[in-house]
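target_10.pdb (PDB, C-alpha atoms)
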MODEL        1
ATOM      1  CA  MET G   1      31.195 -23.297  90.921  1.00  0.00           C
ATOM      2  CA  ILE G   2      30.482 -19.702  90.357  1.00  0.00           C
ATOM      3  CA  ALA G   3      32.511 -17.880  87.771  1.00  0.00           C
ATOM      4  CA  LEU G   4      34.486 -14.977  89.077  1.00  0.00           C
ATOM      5  CA  ASN G   5      34.199 -12.937  85.906  1.00  0.00           C
ATOM      6  CA  LYS G   6      30.385 -13.184  85.583  1.00  0.00           C
ATOM      7  CA  ALA G   7      30.018  -9.533  84.486  1.00  0.00           C
ATOM      8  CA  GLU G   8      32.607  -9.960  81.770  1.00  0.00           C
ATOM      9  CA  ILE G   9      30.943 -13.144  80.483  1.00  0.00           C
ATOM     10  CA  ARG G  10      27.524 -11.455  80.489  1.00  0.00           C
ATOM     11  CA  SER G  11      28.811  -8.386  78.563  1.00  0.00           C
ATOM     12  CA  THR G  12      30.620 -10.604  76.062  1.00  0.00           C
ATOM     13  CA  SER G  13      27.530 -12.779  75.681  1.00  0.00           C
ATOM     14  CA  ILE G  14      25.293  -9.730  75.116  1.00  0.00           C
ATOM     15  CA  ARG G  15      27.793  -8.350  72.611  1.00  0.00           C
ATOM     16  CA  PHE G  16      27.853 -11.736  70.793  1.00  0.00           C
ATOM     17  CA  TRP G  17      24.059 -12.026  70.618  1.00  0.00           C
ATOM     18  CA  THR G  18      23.764  -8.375  69.488  1.00  0.00           C
ATOM     19  CA  LEU G  19      26.294  -8.901  66.702  1.00  0.00           C
ATOM     20  CA  PHE G  20      24.677 -12.229  65.778  1.00  0.00           C
ATOM     21  CA  GLY G  21      21.222 -10.602  65.637  1.00  0.00           C
ATOM     22  CA  THR G  22      22.593  -7.731  63.547  1.00  0.00           C
ATOM     23  CA  LEU G  23      24.231 -10.202  61.154  1.00  0.00           C
ATOM     24  CA  LEU G  24      21.058 -12.253  60.933  1.00  0.00           C
ATOM     25  CA  LEU G  25      18.898  -9.155  60.335  1.00  0.00           C
ATOM     26  CA  SER G  26      21.243  -7.788  57.670  1.00  0.00           C
ATOM     27  CA  THR G  27      21.233 -11.192  55.941  1.00  0.00           C
ATOM     28  CA  LEU G  28      17.444 -11.249  55.954  1.00  0.00           C
ATOM     29  CA  VAL G  29      17.318  -7.692  54.557  1.00  0.00           C
ATOM     30  CA  ILE G  30      19.726  -8.661  51.771  1.00  0.00           C
ATOM     31  CA  ILE G  31      17.682 -11.763  50.931  1.00  0.00           C
ATOM     32  CA  TYR G  32      14.463  -9.695  50.928  1.00  0.00           C
ATOM     33  CA  PHE G  33      15.918  -7.113  48.513  1.00  0.00           C
ATOM     34  CA  PHE G  34      17.343  -9.886  46.315  1.00  0.00           C
ATOM     35  CA  ILE G  35      13.930 -11.538  46.011  1.00  0.00           C
ATOM     36  CA  TRP G  36      12.237  -8.144  45.467  1.00  0.00           C
ATOM     37  CA  ALA G  37      14.724  -7.217  42.692  1.00  0.00           C
ATOM     38  CA  ALA G  38      14.339 -10.627  41.043  1.00  0.00           C
ATOM     39  CA  GLN G  39      10.548 -10.247  41.059  1.00  0.00           C
ATOM     40  CA  LYS G  40      10.734  -6.746  39.540  1.00  0.00           C
ATOM     41  CA  GLU G  41      13.168  -7.980  36.880  1.00  0.00           C
ATOM     42  CA  SER G  42      10.817 -10.852  36.091  1.00  0.00           C
ATOM     43  CA  GLU G  43       7.864  -8.454  35.721  1.00  0.00           C
ATOM     44  CA  ASP G  44       9.889  -6.179  33.427  1.00  0.00           C
ATOM     45  CA  TYR G  45      11.015  -9.164  31.359  1.00  0.00           C
ATOM     46  CA  ILE G  46       7.448 -10.415  30.998  1.00  0.00           C
ATOM     47  CA  ALA G  47       6.311  -6.895  30.027  1.00  0.00           C
ATOM     48  CA  GLN G  48       9.014  -6.748  27.338  1.00  0.00           C
ATOM     49  CA  ILE G  49       7.976 -10.155  26.025  1.00  0.00           C
ATOM     50  CA  GLN G  50       4.349  -8.994  25.847  1.00  0.00           C
ATOM     51  CA  ALA G  51       5.376  -5.793  24.069  1.00  0.00           C
ATOM     52  CA  ASN G  52       7.398  -7.769  21.540  1.00  0.00           C
ATOM     53  CA  ARG G  53       4.507 -10.165  20.969  1.00  0.00           C
ATOM     54  CA  SER G  54       2.186  -7.223  20.464  1.00  0.00           C
ATOM     55  CA  ALA G  55       4.635  -5.702  17.978  1.00  0.00           C
ATOM     56  CA  MET G  56       4.881  -9.002  16.109  1.00  0.00           C
ATOM     57  CA  ASN G  57       1.101  -9.244  15.947  1.00  0.00           C
ATOM     58  CA  LYS G  58       0.912  -5.688  14.626  1.00  0.00           C
ATOM     59  CA  GLN G  59       3.620  -6.511  12.080  1.00  0.00           C
ATOM     60  CA  ILE G  60       1.659  -9.548  10.939  1.00  0.00           C
ATOM     61  CA  ALA G  61      -1.474  -7.386  10.587  1.00  0.00           C
ATOM     62  CA  LEU G  62       0.326  -4.434   8.966  1.00  0.00           C
ATOM     63  CA  GLN G  63       2.334  -6.193   6.291  1.00  0.00           C
ATOM     64  CA  PRO G  64      -0.594  -7.312   4.084  1.00  0.00           C
ATOM     65  CA  LYS G  65      -2.289  -3.940   4.492  1.00  0.00           C
ATOM     66  CA  ILE G  66       0.847  -2.065   3.394  1.00  0.00           C
ATOM     67  CA  ASP G  67       1.302  -4.492   0.495  1.00  0.00           C
ATOM     68  CA  SER G  68      -2.288  -4.007  -0.655  1.00  0.00           C
ATOM     69  CA  LEU G  69      -1.935  -0.247  -0.296  1.00  0.00           C
ATOM     70  CA  TYR G  70       1.102  -0.186  -2.565  1.00  0.00           C
ATOM     71  CA  LYS G  71      -0.603  -2.592  -4.977  1.00  0.00           C
ATOM     72  CA  LEU G  72      -3.359   0.000  -5.244  1.00  0.00           C
ATOM     73  CA  MET G  73      -0.688   2.655  -5.851  1.00  0.00           C
ATOM     74  CA  ARG G  74       0.747   0.459  -8.622  1.00  0.00           C
ATOM     75  CA  ASP G  75      -2.737   0.117 -10.104  1.00  0.00           C
ATOM     76  CA  LEU G  76      -3.063   3.879  -9.988  1.00  0.00           C
ATOM     77  CA  GLU G  77       0.269   4.145 -11.806  1.00  0.00           C
ATOM     78  CA  LYS G  78      -0.655   1.602 -14.478  1.00  0.00           C
ATOM     79  CA  ASN G  79      -3.944   3.341 -15.250  1.00  0.00           C
ATOM     80  CA  ASP G  80      -5.738   0.050 -14.552  1.00  0.00           C
ATOM     81  CA  GLN G  81      -8.525   1.788 -12.679  1.00  0.00           C
ATOM     82  CA  TYR G  82     -11.185   3.811 -14.385  1.00  0.00           C
ATOM     83  CA  ASN G  83     -12.123   6.078 -11.502  1.00  0.00           C
ATOM     84  CA  TYR G  84      -8.985   7.743 -10.120  1.00  0.00           C
ATOM     85  CA  ILE G  85     -10.850   9.839  -7.549  1.00  0.00           C
ATOM     86  CA  PHE G  86     -12.484   6.759  -6.041  1.00  0.00           C
ATOM     87  CA  LEU G  87      -9.144   4.921  -5.956  1.00  0.00           C
ATOM     88  CA  GLU G  88      -7.361   7.860  -4.318  1.00  0.00           C
ATOM     89  CA  ALA G  89     -10.111   8.123  -1.684  1.00  0.00           C
ATOM     90  CA  TYR G  90      -9.891   4.383  -1.051  1.00  0.00           C
ATOM     91  CA  ILE G  91      -6.096   4.619  -0.659  1.00  0.00           C
ATOM     92  CA  ARG G  92      -6.476   7.486   1.824  1.00  0.00           C
ATOM     93  CA  GLU G  93      -9.067   5.488   3.762  1.00  0.00           C
ATOM     94  CA  GLN G  94      -6.731   2.492   3.910  1.00  0.00           C
ATOM     95  CA  ARG G  95      -3.911   4.787   5.045  1.00  0.00           C
ATOM     96  CA  ALA G  96      -6.047   6.091   7.926  1.00  0.00           C
ATOM     97  CA  GLY G  97      -6.764   2.515   9.009  1.00  0.00           C
ATOM     98  CA  ILE G  98      -3.065   1.685   8.941  1.00  0.00           C
ATOM     99  CA  LYS G  99      -2.215   4.818  10.937  1.00  0.00           C
ATOM    100  CA  GLN G 100      -4.785   3.828  13.518  1.00  0.00           C
ATOM    101  CA  LEU G 101      -3.374   0.302  13.699  1.00  0.00           C
ATOM    102  CA  ILE G 102       0.183   1.586  14.120  1.00  0.00           C
ATOM    103  CA  GLY G 103      -0.896   4.007  16.823  1.00  0.00           C
ATOM    104  CA  THR G 104       1.160   6.718  18.427  1.00  0.00           C
ATOM    105  CA  ASP G 105       2.728   4.542  21.109  1.00  0.00           C
ATOM    106  CA  SER G 106       4.295   2.120  18.658  1.00  0.00           C
ATOM    107  CA  ALA G 107       5.264   4.619  15.973  1.00  0.00           C
ATOM    108  CA  THR G 108       8.886   4.203  17.014  1.00  0.00           C
ATOM    109  CA  ARG G 109       8.738   0.449  16.399  1.00  0.00           C
ATOM    110  CA  PHE G 110       7.176   0.914  12.974  1.00  0.00           C
ATOM    111  CA  SER G 111       9.009   4.052  11.915  1.00  0.00           C
ATOM    112  CA  GLY G 112       9.501   2.698   8.387  1.00  0.00           C
ATOM    113  CA  TYR G 113       5.790   2.131   7.913  1.00  0.00           C
ATOM    114  CA  SER G 114       5.054   5.505   9.499  1.00  0.00           C
ATOM    115  CA  LYS G 115       7.370   7.249   7.025  1.00  0.00           C
ATOM    116  CA  LEU G 116       5.806   5.411   4.083  1.00  0.00           C
ATOM    117  CA  ILE G 117       2.329   6.355   5.212  1.00  0.00           C
ATOM    118  CA  ALA G 118       3.317   9.966   5.926  1.00  0.00           C
ATOM    119  CA  ARG G 119       4.626  10.394   2.373  1.00  0.00           C
ATOM    120  CA  LEU G 120       1.624   8.747   0.746  1.00  0.00           C
ATOM    121  CA  ASP G 121      -0.222  12.002  -0.004  1.00  0.00           C
ATOM    122  CA  GLU G 122       2.837  13.339  -1.797  1.00  0.00           C
ATOM    123  CA  GLN G 123       3.089  10.110  -3.778  1.00  0.00           C
ATOM    124  CA  ILE G 124      -0.576  10.296  -4.747  1.00  0.00           C
ATOM    125  CA  MET G 125      -0.181  13.915  -5.872  1.00  0.00           C
ATOM    126  CA  LEU G 126       2.909  13.029  -7.910  1.00  0.00           C
ATOM    127  CA  GLN G 127       1.109  10.041  -9.392  1.00  0.00           C
ATOM    128  CA  ASP G 128      -1.857  12.237 -10.282  1.00  0.00           C
ATOM    129  CA  THR G 129       0.479  14.741 -11.948  1.00  0.00           C
ATOM    130  CA  ILE G 130       2.185  11.946 -13.882  1.00  0.00           C
ATOM    131  CA  ILE G 131      -1.162  10.609 -15.074  1.00  0.00           C
ATOM    132  CA  LYS G 132      -2.266  14.076 -16.197  1.00  0.00           C
ATOM    133  CA  LEU G 133       1.032  14.604 -18.032  1.00  0.00           C
ATOM    134  CA  ARG G 134       0.731  11.218 -19.759  1.00  0.00           C
ATOM    135  CA  THR G 135      -2.772  12.097 -20.861  1.00  0.00           C
ATOM    136  CA  GLN G 136      -1.579  15.444 -22.217  1.00  0.00           C
ATOM    137  CA  VAL G 137       1.301  13.758 -24.066  1.00  0.00           C
ATOM    138  CA  GLU G 138      -1.102  11.249 -25.622  1.00  0.00           C
ATOM    139  CA  ASP G 139      -3.464  14.059 -26.628  1.00  0.00           C
ATOM    140  CA  LEU G 140      -0.587  16.003 -28.182  1.00  0.00           C
ATOM    141  CA  ARG G 141       0.567  12.911 -30.106  1.00  0.00           C
ATOM    142  CA  ASP G 142      -2.953  12.392 -31.413  1.00  0.00           C
ATOM    143  CA  GLU G 143      -3.120  16.036 -32.495  1.00  0.00           C
ATOM    144  CA  ILE G 144       0.267  15.792 -34.200  1.00  0.00           C
ATOM    145  CA  GLU G 145      -0.816  12.640 -36.051  1.00  0.00           C
ATOM    146  CA  HIS G 146      -4.051  14.340 -37.035  1.00  0.00           C
ATOM    147  CA  CYS G 147      -2.115  17.375 -38.269  1.00  0.00           C
ATOM    148  CA  LYS G 148       0.277  15.143 -40.240  1.00  0.00           C
ATOM    149  CA  THR G 149      -2.536  13.313 -41.982  1.00  0.00           C
ATOM    150  CA  ARG G 150      -4.316  16.584 -42.638  1.00  0.00           C
ATOM    151  CA  SER G 151      -1.180  18.210 -44.005  1.00  0.00           C
ATOM    152  CA  LYS G 152      -0.587  15.196 -46.276  1.00  0.00           C
ATOM    153  CA  SER G 153      -4.124  15.426 -47.587  1.00  0.00           C
ATOM    154  CA  ILE G 154      -3.740  19.179 -48.130  1.00  0.00           C
ATOM    155  CA  SER G 155      -0.421  18.708 -49.921  1.00  0.00           C
ATOM    156  CA  LYS G 156      -1.940  15.966 -52.123  1.00  0.00           C
ATOM    157  CA  SER G 157      -4.846  18.240 -52.852  1.00  0.00           C
ATOM    158  CA  LEU G 158      -2.493  21.076 -53.821  1.00  0.00           C
ATOM    159  CA  ILE G 159      -0.466  18.772 -56.035  1.00  0.00           C
ATOM    160  CA  ARG G 160      -3.612  17.596 -57.824  1.00  0.00           C
ATOM    161  CA  THR G 161      -4.844  21.103 -58.382  1.00  0.00           C
ATOM    162  CA  SER G 162      -1.469  22.254 -59.632  1.00  0.00           C
ATOM    163  CA  ARG G 163      -1.285  19.402 -62.167  1.00  0.00           C
ATOM    164  CA  GLN G 164      -4.574  20.235 -63.689  1.00  0.00           C
TER
ENDMDL
END
Represent the supplied structure as structure tokens.
Amino acid sequence: MIALNKAEIRSTSIRFWTLFGTLLLSTLVIIYFFIWAAQKESEDYIAQIQANRSAMNKQIALQPKIDSLYKLMRDLEKNDQYNYIFLEAYIREQRAGIKQLIGTDSATRFSGYSKLIARLDEQIMLQDTIIKLRTQVEDLRDEIEHCKTRSKSISKSLIRTSRQ
């Protein structure tokens, strides 16, 4: 038996296979882009995890250095150190090491530390001024005490000479 509408069946069959192929191809393209996007997202996620680990490692390395730096500042304030110039130079050297460890790329992550380090020179200058003022106040107190004792001795001397 030969079909009478052979041309119609052939055109419908070609249309079906064309639409089926187009559907299959579009499905494969969608699956390809889904896998590609998932892979890119995975790479970005892993990069963020690595960046966070790096930041945590820097935080672990920075915290004791910042603490020791401010302990040195406290020592400078308490006048515990004999050589202020050496201590100030050592503090500046430690600050440079901390700046290098923070780096420019992660300055946004450690903005608090960056601000503390940036203001350190001002703090050292203020601390130096405070130390100089304390020394001057102590010198003035010593002079006043010396003048008081001297004036007492002069007044006693005058009283003795006036009694005679």
First collect every listed atom of stretch 63-74 of chain G; then fit an axis-aligned box around them, widen it by 8 Å on each side, and give centre and edge lengths in Å to one decimal, as JSON.
{"center_x": -0.5, "center_y": -2.3, "center_z": -1.2, "size_x": 21.7, "size_y": 26.0, "size_z": 30.9}
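The two atoms in question, atom CA of G:Glu43 and atom CA of G:Gly112, are spaced 29.6 Å apart.
As for atom CA of G:Ala61 and atom CA of G:Ile102, they are spaced 9.8 Å apart.
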One decimal place gives the atom CA of G:Ile117-atom CA of G:Tyr90 separation as 13.9 Å
Within 6 Å of (3.3, 8.3, -8.5) (file coordinates; all atoms listed in the file), which protein or nucleic acid residues are there? I'd like them as number ranges by chain. G: 123-124, 126-127
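In terms of minimum interatomic distance to G:Arg119, G:Arg95 ranks closest within G:Leu140, G:Trp17, G:Ile31, G:Arg95, counting all atoms listed in the file.
Considering the residues G:Phe20, G:Phe34, G:Cys147, G:Arg109 and counting all atoms listed in the file, G:Lys58 has its shortest atom-to-atom contact with G:Arg109.
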Please return stretch 13-47 of chain G, rebuilt to N, CA and C atoms, as an mmCIF file, keeping the file's coordinate frame.
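Produced file out26.cif, reproduced below:
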data_model
loop_
_atom_site.group_PDB
_atom_site.id
_atom_site.type_symbol
_atom_site.label_atom_id
_atom_site.label_comp_id
_atom_site.auth_asym_id
_atom_site.auth_seq_id
_atom_site.Cartn_x
_atom_site.Cartn_y
_atom_site.Cartn_z
ATOM 1 N N SER G 13 28.666 -12.041 76.217
ATOM 2 C CA SER G 13 27.530 -12.779 75.681
ATOM 3 C C SER G 13 26.524 -11.827 75.037
ATOM 4 N N ILE G 14 26.227 -10.714 75.689
ATOM 5 C CA ILE G 14 25.293 -9.730 75.116
ATOM 6 C C ILE G 14 25.870 -9.154 73.813
ATOM 7 N N ARG G 15 27.137 -8.881 73.826
ATOM 8 C CA ARG G 15 27.793 -8.350 72.611
ATOM 9 C C ARG G 15 27.698 -9.377 71.485
ATOM 10 N N PHE G 16 27.938 -10.679 71.791
ATOM 11 C CA PHE G 16 27.853 -11.736 70.793
ATOM 12 C C PHE G 16 26.445 -11.833 70.221
ATOM 13 N N TRP G 17 25.435 -11.884 71.088
ATOM 14 C CA TRP G 17 24.059 -12.026 70.618
ATOM 15 C C TRP G 17 23.601 -10.770 69.846
ATOM 16 N N THR G 18 24.093 -9.608 70.228
ATOM 17 C CA THR G 18 23.764 -8.375 69.488
ATOM 18 C C THR G 18 24.385 -8.421 68.093
ATOM 19 N N LEU G 19 25.643 -8.797 68.021
ATOM 20 C CA LEU G 19 26.294 -8.901 66.702
ATOM 21 C C LEU G 19 25.664 -10.005 65.861
ATOM 22 N N PHE G 20 25.317 -11.138 66.498
ATOM 23 C CA PHE G 20 24.677 -12.229 65.778
ATOM 24 C C PHE G 20 23.304 -11.812 65.247
ATOM 25 N N GLY G 21 22.534 -11.104 66.067
ATOM 26 C CA GLY G 21 21.222 -10.602 65.637
ATOM 27 C C GLY G 21 21.356 -9.594 64.509
ATOM 28 N N THR G 22 22.358 -8.712 64.612
ATOM 29 C CA THR G 22 22.593 -7.731 63.547
ATOM 30 C C THR G 22 22.977 -8.435 62.246
ATOM 31 N N LEU G 23 23.828 -9.427 62.333
ATOM 32 C CA LEU G 23 24.231 -10.202 61.154
ATOM 33 C C LEU G 23 23.042 -10.920 60.551
ATOM 34 N N LEU G 24 22.248 -11.549 61.405
ATOM 35 C CA LEU G 24 21.058 -12.253 60.933
ATOM 36 C C LEU G 24 20.060 -11.300 60.281
ATOM 37 N N LEU G 25 19.825 -10.149 60.888
ATOM 38 C CA LEU G 25 18.898 -9.155 60.335
ATOM 39 C C LEU G 25 19.404 -8.604 59.004
ATOM 40 N N SER G 26 20.697 -8.305 58.933
ATOM 41 C CA SER G 26 21.243 -7.788 57.670
ATOM 42 C C SER G 26 21.169 -8.850 56.578
ATOM 43 N N THR G 27 21.364 -10.113 56.922
ATOM 44 C CA THR G 27 21.233 -11.192 55.941
ATOM 45 C C THR G 27 19.800 -11.289 55.445
ATOM 46 N N LEU G 28 18.853 -11.199 56.352
ATOM 47 C CA LEU G 28 17.444 -11.249 55.954
ATOM 48 C C LEU G 28 17.072 -10.059 55.070
ATOM 49 N N VAL G 29 17.584 -8.872 55.387
ATOM 50 C CA VAL G 29 17.318 -7.692 54.557
ATOM 51 C C VAL G 29 17.895 -7.888 53.168
ATOM 52 N N ILE G 30 19.105 -8.420 53.078
ATOM 53 C CA ILE G 30 19.726 -8.661 51.771
ATOM 54 C C ILE G 30 18.921 -9.677 50.975
ATOM 55 N N ILE G 31 18.486 -10.745 51.620
ATOM 56 C CA ILE G 31 17.682 -11.763 50.931
ATOM 57 C C ILE G 31 16.350 -11.166 50.476
ATOM 58 N N TYR G 32 15.721 -10.340 51.316
ATOM 59 C CA TYR G 32 14.463 -9.695 50.928
ATOM 60 C C TYR G 32 14.657 -8.827 49.686
ATOM 61 N N PHE G 33 15.700 -7.985 49.669
ATOM 62 C CA PHE G 33 15.918 -7.113 48.513
ATOM 63 C C PHE G 33 16.321 -7.904 47.273
ATOM 64 N N PHE G 34 17.007 -9.036 47.450
ATOM 65 C CA PHE G 34 17.343 -9.886 46.315
ATOM 66 C C PHE G 34 16.084 -10.457 45.686
ATOM 67 N N ILE G 35 15.194 -10.973 46.529
ATOM 68 C CA ILE G 35 13.930 -11.538 46.011
ATOM 69 C C ILE G 35 13.076 -10.443 45.385
ATOM 70 N N TRP G 36 13.017 -9.263 46.001
ATOM 71 C CA TRP G 36 12.237 -8.144 45.467
ATOM 72 C C TRP G 36 12.774 -7.721 44.095
ATOM 73 N N ALA G 37 14.122 -7.615 43.968
ATOM 74 C CA ALA G 37 14.724 -7.217 42.692
ATOM 75 C C ALA G 37 14.494 -8.285 41.623
ATOM 76 N N ALA G 38 14.582 -9.547 42.007
ATOM 77 C CA ALA G 38 14.339 -10.627 41.043
ATOM 78 C C ALA G 38 12.895 -10.601 40.552
ATOM 79 N N GLN G 39 11.961 -10.315 41.444
ATOM 80 C CA GLN G 39 10.548 -10.247 41.059
ATOM 81 C C GLN G 39 10.297 -9.071 40.115
ATOM 82 N N LYS G 40 10.884 -7.916 40.429
ATOM 83 C CA LYS G 40 10.734 -6.746 39.540
ATOM 84 C C LYS G 40 11.344 -7.026 38.179
ATOM 85 N N GLU G 41 12.515 -7.643 38.153
ATOM 86 C CA GLU G 41 13.168 -7.980 36.880
ATOM 87 C C GLU G 41 12.305 -8.951 36.075
ATOM 88 N N SER G 42 11.703 -9.898 36.754
ATOM 89 C CA SER G 42 10.817 -10.852 36.091
ATOM 90 C C SER G 42 9.604 -10.142 35.496
ATOM 91 N N GLU G 43 9.007 -9.213 36.235
ATOM 92 C CA GLU G 43 7.864 -8.454 35.721
ATOM 93 C C GLU G 43 8.256 -7.622 34.503
ATOM 94 N N ASP G 44 9.418 -6.971 34.564
ATOM 95 C CA ASP G 44 9.889 -6.179 33.427
ATOM 96 C C ASP G 44 10.156 -7.064 32.215
ATOM 97 N N TYR G 45 10.722 -8.232 32.448
ATOM 98 C CA TYR G 45 11.015 -9.164 31.359
ATOM 99 C C TYR G 45 9.726 -9.649 30.705
ATOM 100 N N ILE G 46 8.739 -9.969 31.528
ATOM 101 C CA ILE G 46 7.448 -10.415 30.998
ATOM 102 C C ILE G 46 6.771 -9.281 30.229
ATOM 103 N N ALA G 47 6.895 -8.048 30.730
ATOM 104 C CA ALA G 47 6.311 -6.895 30.027
ATOM 105 C C ALA G 47 6.991 -6.696 28.674
#
